[in-house]
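**Student:** Here it is: the structure, laid out below.
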Amino acid sequence: MAGRCLAGLLAAALLLWFVAGVANRLLPPDLSRWEQRSQVVTDAEGRLLRPFPTTEGFWRLSTSPQQVDPLYLAMLMAVEDQRFGLHPGVDPLAMMRAIGQRLTQGHVVSGASTLTMQAARLLDPKPRTLTAKLAESLRALQLQHRLGREGVLQVYLTLAPFGGTLEGVRSASWGWFGKEPDHLTAAEAALLVALPQRPEALRPDRFPQRARAARDRVLDRAVERGVISLDAALLAKSQPLPTAQRPMPLSAAHLADALRRRSPPEQKELRSFIQRPVQATLQTIIDRATQGWEDGVEVAAVVVRTADRQVIAHLGSRDWLSRPLDLTQAVRSPGSSLKPLIYALAFDDQSLHPGTLVYDGPRRFGSWQPRNFDRDFRGMLTVREALQQSLNVPAVLALDKVGPLRFATIARQAGLPLFLPGDGEAGLPLALGGVGVRLVDMATIYANLADDGMVRPLAWGPDVTEPALAARRLVGQAAARAVLTILTDSPAPDGQIQRSLSGGRRSVAFKTGTSFGFRDAWTVAMSPDYTVVIWVGRPDGAPRPGHLGRTTAAPLALRVLDALPMDRRQKPAISEPDNALHAAEPPAALARMELDSLISPQKRQPLQIIFPPDGAAIERLPDGVVLQASGGEAPIQWAADGIPLPPPVGRGSQFWQPAGEGFYQLAAIDAKGRRAEVRVRVLP
């Protein structure tokens, strides 16, 4: 009798299998829930950086059998579907057993649902009725015929519910244990097997006793089936349960957000070039260094592998949850950070040599008289010394030789668009920070400088295509090397020489910058293999008196660079006759910078709004937004949307208190009626 029943069930299963093949073509299964998986951003090795919830708000991370611990799979089969590798989606032996138990004992003792039937139910949830069960069986046969056992298992591992908004084993492992499911303990694996049976009623954070009992039943079944030993089960039963759901990974969150915005929703895995150990190191260094800093002060940073321009670490702010605005994209004043680029262009067109003598003394350009940071002058010295000491007047004189418009054009073509104030005219103040730049663009152009002047855009991921830059070279090899050599010999923040950093293990060139009013602190640090750019400041542009790029950003950048893997790059020797830039003495024609050809003292600099730059997005603080202009003729009158602002008290800074968030037109008017305007957006 039993044999005839079994034969009949097998015949029925074969018939259904044939029907499933036909239905596959005529009535394919609805895979929309499977297709609505979470988008995830991974590092260069495919490890999770940041997942995004589905449109319904679920964490539904795609999970393949290869991504989970074999112990979990063995426990899952032992409890849910012992013959998963044998049946066609419906288990006739389990059906016969369940029917027999129902007839002999009058109630359901064990079910006959296979993992394939559960996958079909997860794809198309329905009330648990006899009709639904039959439809589920038919769909299971069809599903296994269509996807194969591996595909069916992947559907289950991705869609199974684990309490709250967690769906799928990978989501559950991150949510309950804070790790990938590829290495699970017996206790963890058993809990993940048990939870989908009643995901809300067995949540360990709400019903720990029920969760423990369900977990222990799975462990007992695993012992019965020979999956684990009795001793292993007893040890697992003694392990504590998780008491709360953990947050999902949030590493390189701003970059992940940008990659997601640039990708189609059907692309579920977005791979970046982030190196997870480097990203973790960057975050740790910033977190430790900024403990105790005043509220509202932020840090943004980028680490680039110079040879291929891959962005291997990215920090848009100290904490994405408190400040989702990506400050590597914010327009800020660079302070003195552009000086090496100015000198590189002057070296490249042979208008200056590192050994050229230049006079650092009082000089007026129209109504503008730049001073050094310490308001002192050094007299006669070499260009090399002027760059190492970041002196202002020599940098302005060098920019005059290069030409502000030419500098701005070359910078834009090489990856550094300059956000010019006012009417957009490039002037001499940009040598000292009278212009807006973005951190990502600073990383681009300094990586170009560090790579012997070769121009390439930053690389964010293997599937992200950046438009080619207009220029093929920023400067020649000799000019780039000359600037890096000068910066390598610059005194470190602690007074040591840069070559002594890292115990002499790597050569480091760095340049700092501090914008007017201590609003922006910058450092760019370069070794043979890496380019690191760090910015510190307040997003609203409020001043931080006493905080310099050299004392605030430089220690961070040098710590990050010091923690990176050792450099392996060997640069080729400089070819002749380019070695002339590296000679100790300049050619006779460049022995001294001649002042006769420099800008006329009578030429007045145009009125320009330095902060906020045109198009900037700024945040509101109780003190308001600081306003800064250069050029023109004092006094300067400010207006917001055509309404004049009250003048500052004494010689204090001009502050503006926006009425609320939104777009505003700011104008500066000098004593002669000349105007400069910018349009800005105020954030909440």
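Here's how to read the names in the structure tokens: chain A, B, ... by the order shown, residue numbers from 1 in each chain, ligand numbers from 1 in the order shown.
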Segment 590-592 of chain A: which residues within 7 Å, counting only C-alpha atoms, same-chain residues fewer than 5 positions away excluded, as a list in words?
**Tutor:**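 In the requested form, the answer reads Leu352, His353, Thr356, Leu357 and Val358 of chain A.
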**Student:** If you count only C-alpha atoms, which residues fall within 12 Å of segment 33-39 of chain A, apart from same-chain ones fewer than 3 positions away, as a short mmCIF file (atom, residue, chain, number, x, y, z; two decimals) with N, CA, C and O atoms, in the first residue's frame?
**Tutor:**
data_model
loop_
_atom_site.label_atom_id
_atom_site.label_comp_id
_atom_site.auth_asym_id
_atom_site.auth_seq_id
_atom_site.Cartn_x
_atom_site.Cartn_y
_atom_site.Cartn_z
N PRO A 29 7.06 32.93 -12.96
CA PRO A 29 6.83 33.40 -11.59
C PRO A 29 7.13 34.89 -11.46
O PRO A 29 7.97 35.44 -12.17
N ASP A 30 6.44 35.52 -10.53
CA ASP A 30 6.65 36.95 -10.25
C ASP A 30 7.89 37.10 -9.37
O ASP A 30 7.87 36.71 -8.19
N THR A 42 30.21 48.57 -2.11
CA THR A 42 31.27 47.74 -1.54
C THR A 42 32.63 48.40 -1.74
O THR A 42 32.78 49.35 -2.51
N LEU A 48 31.25 44.86 2.17
CA LEU A 48 30.18 45.84 2.34
C LEU A 48 30.68 47.12 3.02
O LEU A 48 31.30 47.07 4.08
N LEU A 49 30.41 48.26 2.38
CA LEU A 49 30.67 49.56 2.98
C LEU A 49 29.38 50.17 3.52
O LEU A 49 29.31 50.61 4.67
N ARG A 50 28.36 50.19 2.65
CA ARG A 50 27.09 50.78 3.06
C ARG A 50 25.94 50.20 2.24
O ARG A 50 25.99 50.26 1.01
N PRO A 51 24.93 49.63 2.89
CA PRO A 51 23.72 49.22 2.16
C PRO A 51 22.67 50.32 2.24
O PRO A 51 22.74 51.20 3.11
N PHE A 52 21.69 50.26 1.36
CA PHE A 52 20.58 51.20 1.37
C PHE A 52 19.27 50.42 1.49
O PHE A 52 19.13 49.37 0.85
N PRO A 53 18.32 50.89 2.28
CA PRO A 53 17.05 50.16 2.40
C PRO A 53 16.27 50.20 1.09
O PRO A 53 16.48 51.09 0.25
N THR A 54 15.36 49.24 0.92
CA THR A 54 14.49 49.23 -0.25
C THR A 54 13.49 50.37 -0.14
O THR A 54 13.39 51.05 0.89
N THR A 55 12.73 50.58 -1.20
CA THR A 55 11.71 51.64 -1.18
C THR A 55 10.67 51.39 -0.10
O THR A 55 10.04 52.33 0.39
N GLU A 56 10.50 50.10 0.31
CA GLU A 56 9.55 49.80 1.39
C GLU A 56 10.17 49.95 2.77
O GLU A 56 9.49 49.78 3.77
N GLY A 57 11.49 50.23 2.82
CA GLY A 57 12.15 50.44 4.10
C GLY A 57 12.79 49.20 4.68
O GLY A 57 13.15 49.19 5.87
N PHE A 58 12.96 48.13 3.89
CA PHE A 58 13.56 46.89 4.39
C PHE A 58 15.04 46.82 4.02
O PHE A 58 15.47 47.31 2.98
N TRP A 59 15.79 46.18 4.92
CA TRP A 59 17.18 45.83 4.60
C TRP A 59 17.12 44.45 3.95
O TRP A 59 16.92 43.45 4.63
N ARG A 60 17.28 44.41 2.65
CA ARG A 60 17.13 43.17 1.88
C ARG A 60 18.39 42.99 1.04
O ARG A 60 18.44 43.34 -0.14
N LEU A 61 19.43 42.46 1.66
CA LEU A 61 20.73 42.33 1.00
C LEU A 61 20.81 41.00 0.26
O LEU A 61 20.54 39.94 0.83
N SER A 62 21.16 41.06 -1.00
CA SER A 62 21.31 39.84 -1.79
C SER A 62 22.33 38.92 -1.13
O SER A 62 23.42 39.34 -0.75
N THR A 63 21.95 37.64 -0.98
CA THR A 63 22.80 36.67 -0.27
C THR A 63 22.86 35.39 -1.07
O THR A 63 21.83 34.78 -1.37
N ALA A 119 10.49 29.55 -0.51
CA ALA A 119 10.95 30.61 -1.41
C ALA A 119 9.79 31.11 -2.27
O ALA A 119 9.66 32.32 -2.50
N ALA A 120 8.94 30.20 -2.74
CA ALA A 120 7.78 30.61 -3.53
C ALA A 120 6.85 31.48 -2.70
O ALA A 120 6.29 32.46 -3.19
N ARG A 121 6.67 31.12 -1.43
CA ARG A 121 5.80 31.91 -0.54
C ARG A 121 6.41 33.29 -0.27
O ARG A 121 5.69 34.28 -0.19
N LEU A 122 7.73 33.35 -0.14
CA LEU A 122 8.38 34.65 0.10
C LEU A 122 8.27 35.56 -1.12
O LEU A 122 8.16 36.78 -0.97
N LEU A 123 8.28 34.98 -2.31
CA LEU A 123 8.14 35.78 -3.51
C LEU A 123 6.72 36.30 -3.69
O LEU A 123 6.51 37.40 -4.20
N ASP A 124 5.74 35.52 -3.25
CA ASP A 124 4.34 35.89 -3.43
C ASP A 124 3.55 35.50 -2.18
O ASP A 124 2.84 34.49 -2.17
N PRO A 125 3.66 36.28 -1.10
CA PRO A 125 2.99 35.92 0.16
C PRO A 125 1.46 35.87 -0.01
O PRO A 125 0.86 36.74 -0.64
N GLY A 151 19.76 28.83 -7.29
CA GLY A 151 18.95 30.04 -7.39
C GLY A 151 17.84 30.08 -6.38
O GLY A 151 17.54 31.13 -5.79
N VAL A 152 17.19 28.93 -6.14
CA VAL A 152 16.13 28.85 -5.13
C VAL A 152 16.69 29.18 -3.76
O VAL A 152 16.10 29.95 -2.98
N GLN A 154 19.27 30.96 -3.08
CA GLN A 154 19.61 32.38 -3.02
C GLN A 154 18.37 33.22 -2.76
O GLN A 154 18.42 34.21 -2.03
N VAL A 155 17.22 32.84 -3.36
CA VAL A 155 15.97 33.56 -3.09
C VAL A 155 15.62 33.46 -1.61
O VAL A 155 15.28 34.46 -0.96
N TYR A 156 15.69 32.26 -1.05
CA TYR A 156 15.36 32.09 0.37
C TYR A 156 16.32 32.87 1.25
O TYR A 156 15.91 33.59 2.17
N LEU A 157 17.62 32.76 0.97
CA LEU A 157 18.61 33.43 1.81
C LEU A 157 18.50 34.94 1.74
O LEU A 157 18.94 35.64 2.65
N THR A 158 17.88 35.46 0.68
CA THR A 158 17.75 36.91 0.50
C THR A 158 16.44 37.45 1.05
O THR A 158 16.39 38.58 1.54
N LEU A 159 15.36 36.65 1.00
CA LEU A 159 14.03 37.16 1.34
C LEU A 159 13.50 36.69 2.69
O LEU A 159 12.51 37.25 3.18
N ALA A 160 14.11 35.70 3.31
CA ALA A 160 13.59 35.19 4.58
C ALA A 160 13.54 36.30 5.62
O ALA A 160 14.48 37.08 5.75
N THR A 165 12.86 45.12 10.23
CA THR A 165 13.08 45.42 8.81
C THR A 165 14.19 44.57 8.20
O THR A 165 14.67 44.87 7.10
N LEU A 166 14.58 43.50 8.89
CA LEU A 166 15.67 42.65 8.40
C LEU A 166 15.10 41.54 7.53
O LEU A 166 14.27 40.74 7.98
N GLU A 167 15.58 41.45 6.30
CA GLU A 167 15.20 40.37 5.40
C GLU A 167 16.47 39.79 4.79
O GLU A 167 17.31 40.53 4.27
N GLY A 168 16.58 38.49 4.84
CA GLY A 168 17.76 37.83 4.30
C GLY A 168 18.81 37.57 5.35
O GLY A 168 18.93 38.30 6.34
N ARG A 170 22.07 37.73 5.22
CA ARG A 170 23.16 38.71 5.33
C ARG A 170 22.70 39.92 6.14
O ARG A 170 23.43 40.41 7.00
N SER A 171 21.50 40.41 5.87
CA SER A 171 20.96 41.53 6.66
C SER A 171 20.84 41.13 8.12
O SER A 171 21.17 41.91 9.02
N ALA A 256 29.52 56.62 -0.79
CA ALA A 256 28.51 55.62 -1.15
C ALA A 256 27.22 56.28 -1.62
O ALA A 256 26.59 55.84 -2.58
N ASP A 257 26.83 57.33 -0.93
CA ASP A 257 25.62 58.06 -1.32
C ASP A 257 25.77 58.65 -2.72
O ASP A 257 24.84 58.61 -3.54
N LEU A 259 27.76 57.56 -5.16
CA LEU A 259 27.75 56.48 -6.15
C LEU A 259 26.34 55.99 -6.41
O LEU A 259 25.97 55.69 -7.56
N ARG A 260 25.53 55.92 -5.36
CA ARG A 260 24.15 55.46 -5.54
C ARG A 260 23.36 56.44 -6.39
O ARG A 260 22.58 56.04 -7.26
N ARG A 261 23.56 57.74 -6.16
CA ARG A 261 22.82 58.74 -6.94
C ARG A 261 23.20 58.69 -8.42
O ARG A 261 22.40 59.03 -9.27
N SER A 263 23.99 55.97 -10.10
CA SER A 263 23.80 54.63 -10.67
C SER A 263 22.31 54.34 -10.85
O SER A 263 21.48 54.83 -10.09
N PRO A 264 21.96 53.52 -11.83
CA PRO A 264 20.56 53.14 -12.03
C PRO A 264 20.09 52.24 -10.89
O PRO A 264 20.88 51.47 -10.33
N PRO A 265 18.80 52.32 -10.52
CA PRO A 265 18.30 51.52 -9.38
C PRO A 265 18.41 50.03 -9.60
O PRO A 265 18.48 49.27 -8.63
N GLU A 266 18.43 49.58 -10.86
CA GLU A 266 18.53 48.13 -11.10
C GLU A 266 19.93 47.59 -10.86
O GLU A 266 20.12 46.37 -10.79
N GLN A 267 20.92 48.47 -10.75
CA GLN A 267 22.28 48.03 -10.42
C GLN A 267 22.40 47.90 -8.91
O GLN A 267 22.49 48.88 -8.19
N LYS A 268 22.38 46.65 -8.43
CA LYS A 268 22.27 46.41 -7.00
C LYS A 268 23.60 46.46 -6.26
O LYS A 268 23.63 46.77 -5.06
N GLU A 269 24.70 46.15 -6.90
CA GLU A 269 26.01 46.21 -6.24
C GLU A 269 26.87 47.26 -6.94
O GLU A 269 27.11 47.17 -8.14
N LEU A 270 27.29 48.24 -6.18
CA LEU A 270 28.11 49.32 -6.69
C LEU A 270 29.49 49.21 -6.04
O LEU A 270 29.62 49.42 -4.83
N ARG A 271 30.47 48.89 -6.82
CA ARG A 271 31.81 48.69 -6.25
C ARG A 271 32.61 49.98 -6.35
O ARG A 271 32.63 50.65 -7.38
#
**Student:** Against segment 385-391 of chain A, which residues of segment 477-556 of chain A fall within 9 Å? For each one I want the closest pair of atoms and the distance in Å (one decimal), counting only C-alpha atoms, rows by chain and increasing residue number, as a tab-separated table.
**Tutor:**
residue	atom	partner	partner_atom	distance
A:Val483	CA	A:Leu387	CA	8.7
A:Ile486	CA	A:Gln388	CA	6.6
A:Leu487	CA	A:Gln388	CA	6.3
A:Asp489	CA	A:Gln388	CA	7.6
A:Ser490	CA	A:Gln388	CA	5.2
A:Pro491	CA	A:Gln388	CA	7.7
A:Lys511	CA	A:Gln388	CA	8.5
A:Thr512	CA	A:Ser390	CA	8.6
A:Gly513	CA	A:Ser390	CA	8.8
**Student:** Could you tell me which of A:Asp81, A:Ile312, A:Gly164, A:Val299 comes closest to Gln245 of chain A if we count only C-alpha atoms?
**Tutor:** A:Gly164
**Student:** Using only C-alpha atoms, find the one residue out of A:Leu338, A:Ala659, A:Leu282, A:Val393 that sits nearest to Arg318 of chain A.
**Tutor:**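 Checking each of A:Leu338, A:Ala659, A:Leu282, A:Val393 against Arg318 of chain A, counting only C-alpha atoms, the winner is A:Leu282.
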**Student:** Would you list, as a count of residues only, the residues of segment 329-564 of chain A that end up in strand (DSSP E) under DSSP run on this structure's backbone?
**Tutor:** 33
**Student:** I'd like the contact shell of Leu192 of chain A - 12 Å cut-off, only C-alpha atoms, skipping same-chain residues fewer than 2 positions apart - returned as a ChimeraX atom specification.
**Tutor:** /A:68-69,71-73,75-76,79,157,160-163,166-177,181,184-190,194-199,202-204,211-212,214-216,218-219,241-242
**Student:** Determine, counting only C-alpha atoms, which protein, DNA and RNA residues have an atom within 9 Å of an atom of Phe663 of chain A; residues of the same chain fewer than 6 positions away are not included. Present the result as an MDAnalysis selection string.
**Tutor:** chainID A and resid 679:682
**Student:** Can you list, as JSON, numbers by chain, every protein, DNA or RNA residue that comes within 9 Å of Ser317 of chain A when you count only C-alpha atoms, leaving out same-chain residues fewer than 6 positions away?
**Tutor:** {"A": [254, 298, 299, 300, 301, 323, 324, 325, 326, 327, 328]}
**Student:** Write the residues of the preceding selection, restricted to C-alpha atoms, as an mmCIF file, in the first residue's frame.
**Tutor:**
data_model
loop_
_atom_site.group_PDB
_atom_site.id
_atom_site.type_symbol
_atom_site.label_atom_id
_atom_site.label_comp_id
_atom_site.auth_asym_id
_atom_site.auth_seq_id
_atom_site.Cartn_x
_atom_site.Cartn_y
_atom_site.Cartn_z
ATOM 1 C CA HIS A 254 29.138 60.186 1.649
ATOM 2 C CA GLU A 298 34.082 69.460 10.728
ATOM 3 C CA VAL A 299 36.759 67.500 8.898
ATOM 4 C CA ALA A 300 36.720 66.348 5.279
ATOM 5 C CA ALA A 301 39.427 64.173 3.745
ATOM 6 C CA ARG A 323 26.070 65.891 8.930
ATOM 7 C CA PRO A 324 25.089 64.148 5.681
ATOM 8 C CA LEU A 325 26.372 67.116 3.643
ATOM 9 C CA ASP A 326 29.505 65.998 1.747
ATOM 10 C CA LEU A 327 32.075 68.664 2.557
ATOM 11 C CA THR A 328 34.574 67.314 0.026
#
**Student:** Got a sec: who's within 6 Å of segment 548-564 of chain A, counting only C-alpha atoms, leaving out chain neighbours fewer than 2 positions off, as a ChimeraX atom specification?
**Tutor:** /A:502,512-514,521-523
**Student:** As a list in words, please: the residues near Glu661 of chain A (cut-off 12 Å, only C-alpha atoms, same-chain neighbours under 4 positions excluded).
**Tutor:**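 Contacts, with the query itself left out: Ala617, Ile618, Glu619, Arg620, Leu621, Gln657, Val680, Arg681, Val682, Leu683 and Pro684 of chain A.
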**Student:** Please produce an output containing C-alpha atoms for each residue in the selection, written as an mmCIF file, in the first residue's frame.
**Tutor:**
data_model
loop_
_atom_site.group_PDB
_atom_site.id
_atom_site.type_symbol
_atom_site.label_atom_id
_atom_site.label_comp_id
_atom_site.auth_asym_id
_atom_site.auth_seq_id
_atom_site.Cartn_x
_atom_site.Cartn_y
_atom_site.Cartn_z
ATOM 1 C CA ALA A 617 25.688 75.825 0.164
ATOM 2 C CA ILE A 618 26.145 77.079 3.731
ATOM 3 C CA GLU A 619 24.653 76.210 7.106
ATOM 4 C CA ARG A 620 23.049 78.538 9.601
ATOM 5 C CA LEU A 621 24.540 79.026 13.057
ATOM 6 C CA GLN A 657 21.599 86.375 9.760
ATOM 7 C CA VAL A 680 24.056 81.136 -2.228
ATOM 8 C CA ARG A 681 21.841 78.482 -0.687
ATOM 9 C CA VAL A 682 21.254 78.408 3.080
ATOM 10 C CA LEU A 683 20.760 74.933 4.533
ATOM 11 C CA PRO A 684 18.737 74.162 7.678
#
**Student:** Can you list, as a VMD selection string, every residue of segment 298-535 of chain A that DSSP puts in helix (DSSP H, G or I)?
**Tutor:** chain A and resid 327 to 329 339 to 348 383 to 388 392 to 402 404 to 413 428 to 432 439 to 450 477 to 488 498 to 504 516 to 518
**Student:** Rounded to one decimal, what separation in Å do you get between atom CA of Gly541 of chain A and atom CA of Pro612 of chain A?
**Tutor:**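 Those two atoms sit 7.6 Å apart.
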